[in-house]
Amino acid sequence: MINKKITALMLLAAMSIASLTSCSGKEEETEDTTTAPTTTTEATTTTEATTTTSAAPTRTAEEYKAAGINELNSIPILMYHRIYDMKNSDTEYTGGNVDKDGYNRTAEAFEADLRSYYQQGYRMMRLTDFVDGRIDVAYGFSPIIITFDDGIRDVVLQGWNEDGSPKFDPSCAIGILEKIKAEFPDYNVTATFFVNDQLFENGEENDRKVLKWMVDNGYDIGNHTKDHKKLGDCDANEIEKQVGYVYKKLESIIPGQYVNIVALPFGSPEKMGEDKPQYNKIFEGTYDGFSYTSRASLLCGWTRAYAPFVRDYDKTCIRRIRGYDNNGEDCDIEQNFKQLAQGKRYISDGNPDTIVYPAEDNSSGTWLKETFGHQAIAY
Ligand SMILES: [Zn+2]
């Protein structure tokens, strides 16, 4: 009989030294500012088939170890902008970069990115589920989240099919996503599109219909502010207008079906800070009689995001990876995924109700911030 003991720690908060490798390879050491947890209760259970609750460990410690299960690790949230109908050889820049800084990407490179993530064992999940701490990815696989800012050239409408569905340019972002979705049903293809006032530039009436189709077909729409201003430089009234306007507009088109998450234009402000009370308007306000709240905000990309259970996770400045090439340097896709592969990668236990992690692996972290009501299982 396998009677491997697994300690299930029901932690309200377990704090320790945190060290996550930044994209530049530098260690980010964070001082432990709290004392040892005072409210830890330990329960011992086994992995026998008789375990009854859904939150109990379903595998032995050896099995978790062999699969590298670690849910106190990092998750790549890709930040893309425009996808252009180009081959990599059509651009004068590195790899699939369409511009010097690689904010825009060729269709060839974007499709290759999606295939590569799949081959590396990543499976897509919704950003809104990430914010909710609900990570439902098959055992042994890793979550990946795809986001687009600005909306331009991401959803290019060519017309409407007879059944009323949109006909997309196959080289635009959603055209490529739909192709990959059909090819890999277990990839769980999804993405969040952060829009400004101009939406996708297919004309207001077309875009309203497209938005409805998108939310009915597994995509999410978020807030990238009305005019794409640096919110870090705006006063409270302006922030309320910039954020509230887009929520009000989305509410009129897809009521209750958009996500209350802001992708901060230019990644600004980088930190919320108590000395900047106007930034609270990103998260709560009223514009033109419409009251809104935001659950999270995203920075501009450079590196992987902490899982929402990790102590250093901050929902007001969630980090992203810029989808660009730079010969494996300066936080490009290649460098980030190499670092993820070297022990920084979240690998799922397949159960969204449990947080499973190696008890002795302080390199990837055994520091829980919040369990979201899940059971934490150290092995
Ligand atoms: Zn933008």
# chains A, B, ... in the order shown; residues from 1 in each chain; ligands from 1
>>> residues_near_ligand(ligand="ligand 1", cutoff="6 Å", atoms="only C-alpha atoms and all ligand atoms", output="list in words")
Asp149, Asp150 and Pro265 of chain A
>>> write_last_selection(atoms="C-alpha atoms", output="short mmCIF file (atom, residue, chain, number, x, y, z; two decimals), in the first residue's frame")
data_model
loop_
_atom_site.label_atom_id
_atom_site.label_comp_id
_atom_site.auth_asym_id
_atom_site.auth_seq_id
_atom_site.Cartn_x
_atom_site.Cartn_y
_atom_site.Cartn_z
CA ASP A 149 -3.82 46.07 -26.32
CA ASP A 150 -5.24 48.81 -28.58
CA PRO A 265 -1.68 52.53 -21.36
#
>>> residues_around(residues="Phe141 in chain A", least_positions_apart="2", cutoff="9 Å", atoms="only C-alpha atoms", output="list in words")
Ile69, Gln120, Gly121, Tyr122, Arg123, Val137, Ala138, Tyr139, Pro143, Tyr346, Ile347, Ser348, Asp349 and Gly350 of chain A
>>> write_last_selection(atoms="N, CA and C atoms", output="short mmCIF file (atom, residue, chain, number, x, y, z; two decimals), in the first residue's frame")
data_model
loop_
_atom_site.label_atom_id
_atom_site.label_comp_id
_atom_site.auth_asym_id
_atom_site.auth_seq_id
_atom_site.Cartn_x
_atom_site.Cartn_y
_atom_site.Cartn_z
N ILE A 69 4.96 19.35 -10.33
CA ILE A 69 3.80 20.19 -9.98
C ILE A 69 4.23 21.31 -9.03
N GLN A 120 5.23 23.39 -25.95
CA GLN A 120 5.95 23.43 -24.66
C GLN A 120 5.07 23.06 -23.47
N GLY A 121 3.82 22.66 -23.77
CA GLY A 121 2.95 22.20 -22.68
C GLY A 121 2.15 23.29 -22.01
N TYR A 122 2.00 24.41 -22.68
CA TYR A 122 1.14 25.47 -22.14
C TYR A 122 -0.27 25.32 -22.69
N ARG A 123 -1.25 25.65 -21.85
CA ARG A 123 -2.64 25.65 -22.26
C ARG A 123 -3.26 26.97 -21.83
N VAL A 137 -6.29 24.05 -15.33
CA VAL A 137 -5.45 23.56 -16.42
C VAL A 137 -5.14 22.10 -16.11
N ALA A 138 -5.10 21.27 -17.14
CA ALA A 138 -4.92 19.83 -16.95
C ALA A 138 -3.62 19.50 -16.20
N TYR A 139 -3.63 18.38 -15.51
CA TYR A 139 -2.49 17.91 -14.73
C TYR A 139 -1.20 17.88 -15.55
N PRO A 143 -0.40 27.01 -17.37
CA PRO A 143 -1.27 28.03 -17.94
C PRO A 143 -0.52 29.10 -18.71
N TYR A 346 4.81 27.62 -13.52
CA TYR A 346 3.64 27.06 -12.83
C TYR A 346 3.25 25.78 -13.56
N ILE A 347 3.21 24.67 -12.83
CA ILE A 347 2.75 23.42 -13.43
C ILE A 347 1.57 22.92 -12.60
N SER A 348 0.46 22.69 -13.27
CA SER A 348 -0.82 22.47 -12.61
C SER A 348 -1.02 21.05 -12.10
N ASP A 349 -1.73 20.95 -10.97
CA ASP A 349 -2.12 19.63 -10.45
C ASP A 349 -3.47 19.19 -11.04
N GLY A 350 -4.02 20.02 -11.92
CA GLY A 350 -5.26 19.64 -12.59
C GLY A 350 -6.52 19.91 -11.78
#
>>> select_by_dssp(residues="range 83-233 of chain A", states="strand (DSSP E or B)", output="ChimeraX atom specification")
/A:83-84,97,105-106,122-124,142-149,157-160,166-168,192-195,220-223
>>> write_last_selection(atoms="N, CA and C atoms", output="PDB file, in the first residue's frame")
ATOM      1  N   ILE A  83      -1.211  42.720 -35.073  1.00  0.00           N
ATOM      2  CA  ILE A  83      -0.679  41.587 -35.828  1.00  0.00           C
ATOM      3  C   ILE A  83      -0.819  41.942 -37.314  1.00  0.00           C
ATOM      4  N   TYR A  84       0.295  41.952 -38.014  1.00  0.00           N
ATOM      5  CA  TYR A  84       0.295  42.362 -39.421  1.00  0.00           C
ATOM      6  C   TYR A  84       0.416  41.159 -40.351  1.00  0.00           C
ATOM      7  N   ASN A  97       9.392  40.922 -35.427  1.00  0.00           N
ATOM      8  CA  ASN A  97       9.064  42.302 -35.036  1.00  0.00           C
ATOM      9  C   ASN A  97       8.725  43.132 -36.277  1.00  0.00           C
ATOM     10  N   ARG A 105       3.604  42.590 -34.368  1.00  0.00           N
ATOM     11  CA  ARG A 105       4.169  41.287 -34.728  1.00  0.00           C
ATOM     12  C   ARG A 105       3.625  40.822 -36.065  1.00  0.00           C
ATOM     13  N   THR A 106       4.441  40.059 -36.762  1.00  0.00           N
ATOM     14  CA  THR A 106       3.957  39.498 -38.026  1.00  0.00           C
ATOM     15  C   THR A 106       2.981  38.358 -37.740  1.00  0.00           C
ATOM     16  N   TYR A 122       2.000  24.414 -22.680  1.00  0.00           N
ATOM     17  CA  TYR A 122       1.141  25.474 -22.137  1.00  0.00           C
ATOM     18  C   TYR A 122      -0.272  25.322 -22.687  1.00  0.00           C
ATOM     19  N   ARG A 123      -1.248  25.649 -21.847  1.00  0.00           N
ATOM     20  CA  ARG A 123      -2.641  25.646 -22.259  1.00  0.00           C
ATOM     21  C   ARG A 123      -3.259  26.968 -21.830  1.00  0.00           C
ATOM     22  N   MET A 124      -4.103  27.507 -22.688  1.00  0.00           N
ATOM     23  CA  MET A 124      -4.611  28.856 -22.419  1.00  0.00           C
ATOM     24  C   MET A 124      -5.672  28.869 -21.323  1.00  0.00           C
ATOM     25  N   SER A 142       0.841  23.742 -18.076  1.00  0.00           N
ATOM     26  CA  SER A 142       1.037  25.079 -17.518  1.00  0.00           C
ATOM     27  C   SER A 142       0.092  26.078 -18.164  1.00  0.00           C
ATOM     28  N   PRO A 143      -0.399  27.012 -17.367  1.00  0.00           N
ATOM     29  CA  PRO A 143      -1.275  28.033 -17.941  1.00  0.00           C
ATOM     30  C   PRO A 143      -0.519  29.102 -18.714  1.00  0.00           C
ATOM     31  N   ILE A 144      -1.181  29.626 -19.734  1.00  0.00           N
ATOM     32  CA  ILE A 144      -0.664  30.786 -20.455  1.00  0.00           C
ATOM     33  C   ILE A 144      -1.862  31.676 -20.759  1.00  0.00           C
ATOM     34  N   ILE A 145      -1.613  32.986 -20.727  1.00  0.00           N
ATOM     35  CA  ILE A 145      -2.693  33.959 -20.948  1.00  0.00           C
ATOM     36  C   ILE A 145      -2.271  34.890 -22.074  1.00  0.00           C
ATOM     37  N   ILE A 146      -3.176  35.083 -23.031  1.00  0.00           N
ATOM     38  CA  ILE A 146      -2.882  35.936 -24.180  1.00  0.00           C
ATOM     39  C   ILE A 146      -3.707  37.221 -24.070  1.00  0.00           C
ATOM     40  N   THR A 147      -3.027  38.373 -24.225  1.00  0.00           N
ATOM     41  CA  THR A 147      -3.739  39.653 -24.208  1.00  0.00           C
ATOM     42  C   THR A 147      -3.321  40.500 -25.412  1.00  0.00           C
ATOM     43  N   PHE A 148      -4.236  41.370 -25.827  1.00  0.00           N
ATOM     44  CA  PHE A 148      -3.963  42.330 -26.897  1.00  0.00           C
ATOM     45  C   PHE A 148      -4.357  43.716 -26.420  1.00  0.00           C
ATOM     46  N   ASP A 149      -3.500  44.684 -26.647  1.00  0.00           N
ATOM     47  CA  ASP A 149      -3.817  46.071 -26.325  1.00  0.00           C
ATOM     48  C   ASP A 149      -4.101  46.836 -27.618  1.00  0.00           C
ATOM     49  N   LEU A 157     -12.473  42.746 -39.752  1.00  0.00           N
ATOM     50  CA  LEU A 157     -13.685  42.157 -40.311  1.00  0.00           C
ATOM     51  C   LEU A 157     -13.665  42.261 -41.828  1.00  0.00           C
ATOM     52  N   GLN A 158     -13.944  41.115 -42.482  1.00  0.00           N
ATOM     53  CA  GLN A 158     -14.023  41.134 -43.954  1.00  0.00           C
ATOM     54  C   GLN A 158     -15.457  41.088 -44.437  1.00  0.00           C
ATOM     55  N   GLY A 159     -16.354  40.806 -43.526  1.00  0.00           N
ATOM     56  CA  GLY A 159     -17.765  40.717 -43.915  1.00  0.00           C
ATOM     57  C   GLY A 159     -18.497  39.769 -42.975  1.00  0.00           C
ATOM     58  N   TRP A 160     -19.704  39.403 -43.379  1.00  0.00           N
ATOM     59  CA  TRP A 160     -20.525  38.531 -42.524  1.00  0.00           C
ATOM     60  C   TRP A 160     -20.918  37.283 -43.279  1.00  0.00           C
ATOM     61  N   PRO A 166     -19.198  36.574 -38.016  1.00  0.00           N
ATOM     62  CA  PRO A 166     -18.260  37.452 -38.713  1.00  0.00           C
ATOM     63  C   PRO A 166     -17.241  36.666 -39.539  1.00  0.00           C
ATOM     64  N   LYS A 167     -16.848  37.260 -40.644  1.00  0.00           N
ATOM     65  CA  LYS A 167     -15.794  36.677 -41.477  1.00  0.00           C
ATOM     66  C   LYS A 167     -14.545  37.513 -41.227  1.00  0.00           C
ATOM     67  N   PHE A 168     -13.560  36.909 -40.572  1.00  0.00           N
ATOM     68  CA  PHE A 168     -12.360  37.663 -40.210  1.00  0.00           C
ATOM     69  C   PHE A 168     -11.257  37.495 -41.245  1.00  0.00           C
ATOM     70  N   THR A 192      -7.809  37.980 -24.127  1.00  0.00           N
ATOM     71  CA  THR A 192      -8.500  39.197 -23.678  1.00  0.00           C
ATOM     72  C   THR A 192      -8.019  40.360 -24.534  1.00  0.00           C
ATOM     73  N   PHE A 193      -8.968  41.091 -25.110  1.00  0.00           N
ATOM     74  CA  PHE A 193      -8.666  42.239 -25.967  1.00  0.00           C
ATOM     75  C   PHE A 193      -8.996  43.511 -25.200  1.00  0.00           C
ATOM     76  N   PHE A 194      -7.970  44.345 -24.998  1.00  0.00           N
ATOM     77  CA  PHE A 194      -8.167  45.599 -24.276  1.00  0.00           C
ATOM     78  C   PHE A 194      -8.373  46.721 -25.284  1.00  0.00           C
ATOM     79  N   VAL A 195      -9.536  47.358 -25.203  1.00  0.00           N
ATOM     80  CA  VAL A 195      -9.924  48.306 -26.250  1.00  0.00           C
ATOM     81  C   VAL A 195      -9.974  49.755 -25.756  1.00  0.00           C
ATOM     82  N   ASP A 220     -12.559  37.585 -24.281  1.00  0.00           N
ATOM     83  CA  ASP A 220     -12.903  38.597 -23.293  1.00  0.00           C
ATOM     84  C   ASP A 220     -12.493  39.982 -23.772  1.00  0.00           C
ATOM     85  N   ILE A 221     -13.246  40.966 -23.302  1.00  0.00           N
ATOM     86  CA  ILE A 221     -12.988  42.364 -23.650  1.00  0.00           C
ATOM     87  C   ILE A 221     -12.709  43.131 -22.369  1.00  0.00           C
ATOM     88  N   GLY A 222     -11.581  43.847 -22.357  1.00  0.00           N
ATOM     89  CA  GLY A 222     -11.219  44.642 -21.194  1.00  0.00           C
ATOM     90  C   GLY A 222     -11.033  46.100 -21.561  1.00  0.00           C
ATOM     91  N   ASN A 223     -10.614  46.892 -20.579  1.00  0.00           N
ATOM     92  CA  ASN A 223     -10.579  48.355 -20.676  1.00  0.00           C
ATOM     93  C   ASN A 223      -9.144  48.850 -20.875  1.00  0.00           C
TER      94      ASN A 223
END
>>> closest_residue(among="A:His374, A:Lys249, A:Arg319, A:Arg311", to="Gln198 in chain A", atoms="only C-alpha atoms")
A:Lys249
>>> select_by_dssp(residues="range 134-309 of chain A", states="alpha helix (DSSP H)", output="count of residues only")
42
>>> atom_distance(atom1="CA of Gln119 in chain A", atom2="CA of Asn327 in chain A")
20.0 Å
>>> residues_around(residues="Ala296 in chain A", least_positions_apart="4", cutoff="10 Å", atoms="only C-alpha atoms", output="NGL selection string")
:A and (128 or 131-132 or 259-263 or 282-283 or 314-318)
>>> residues_around(residues="Lys276 in chain A", least_positions_apart="4", cutoff="12 Å", atoms="only C-alpha atoms", output="PyMOL selection string")
chain A and resi 231-236+269-272+280-282
>>> closest_residue(among="A:Glu71, A:Glu92, A:Asp101, A:Asp216", to="Gly323 in chain A", atoms="only C-alpha atoms")
A:Asp101
>>> atom_distance(atom1="CA of Thr190 in chain A", atom2="CA of Ser171 in chain A")
16.8 Å
>>> closest_residue(among="A:Pro255, A:Asp154, A:Gly102, A:Ser116", to="Asp85 in chain A", atoms="only C-alpha atoms")
A:Asp154
>>> atom_distance(atom1="CA of Asp186 in chain A", atom2="CA of Trp213 in chain A")
21.3 Å
>>> closest_residue(among="A:Glu334, A:Asp325, A:Glu205, A:Glu108", to="Ala173 in chain A", atoms="only C-alpha atoms")
A:Glu108
>>> closest_residue(among="A:Arg59, A:Glu251, A:Leu114, A:Leu72", to="Ala376 in chain A", atoms="only C-alpha atoms")
A:Leu72
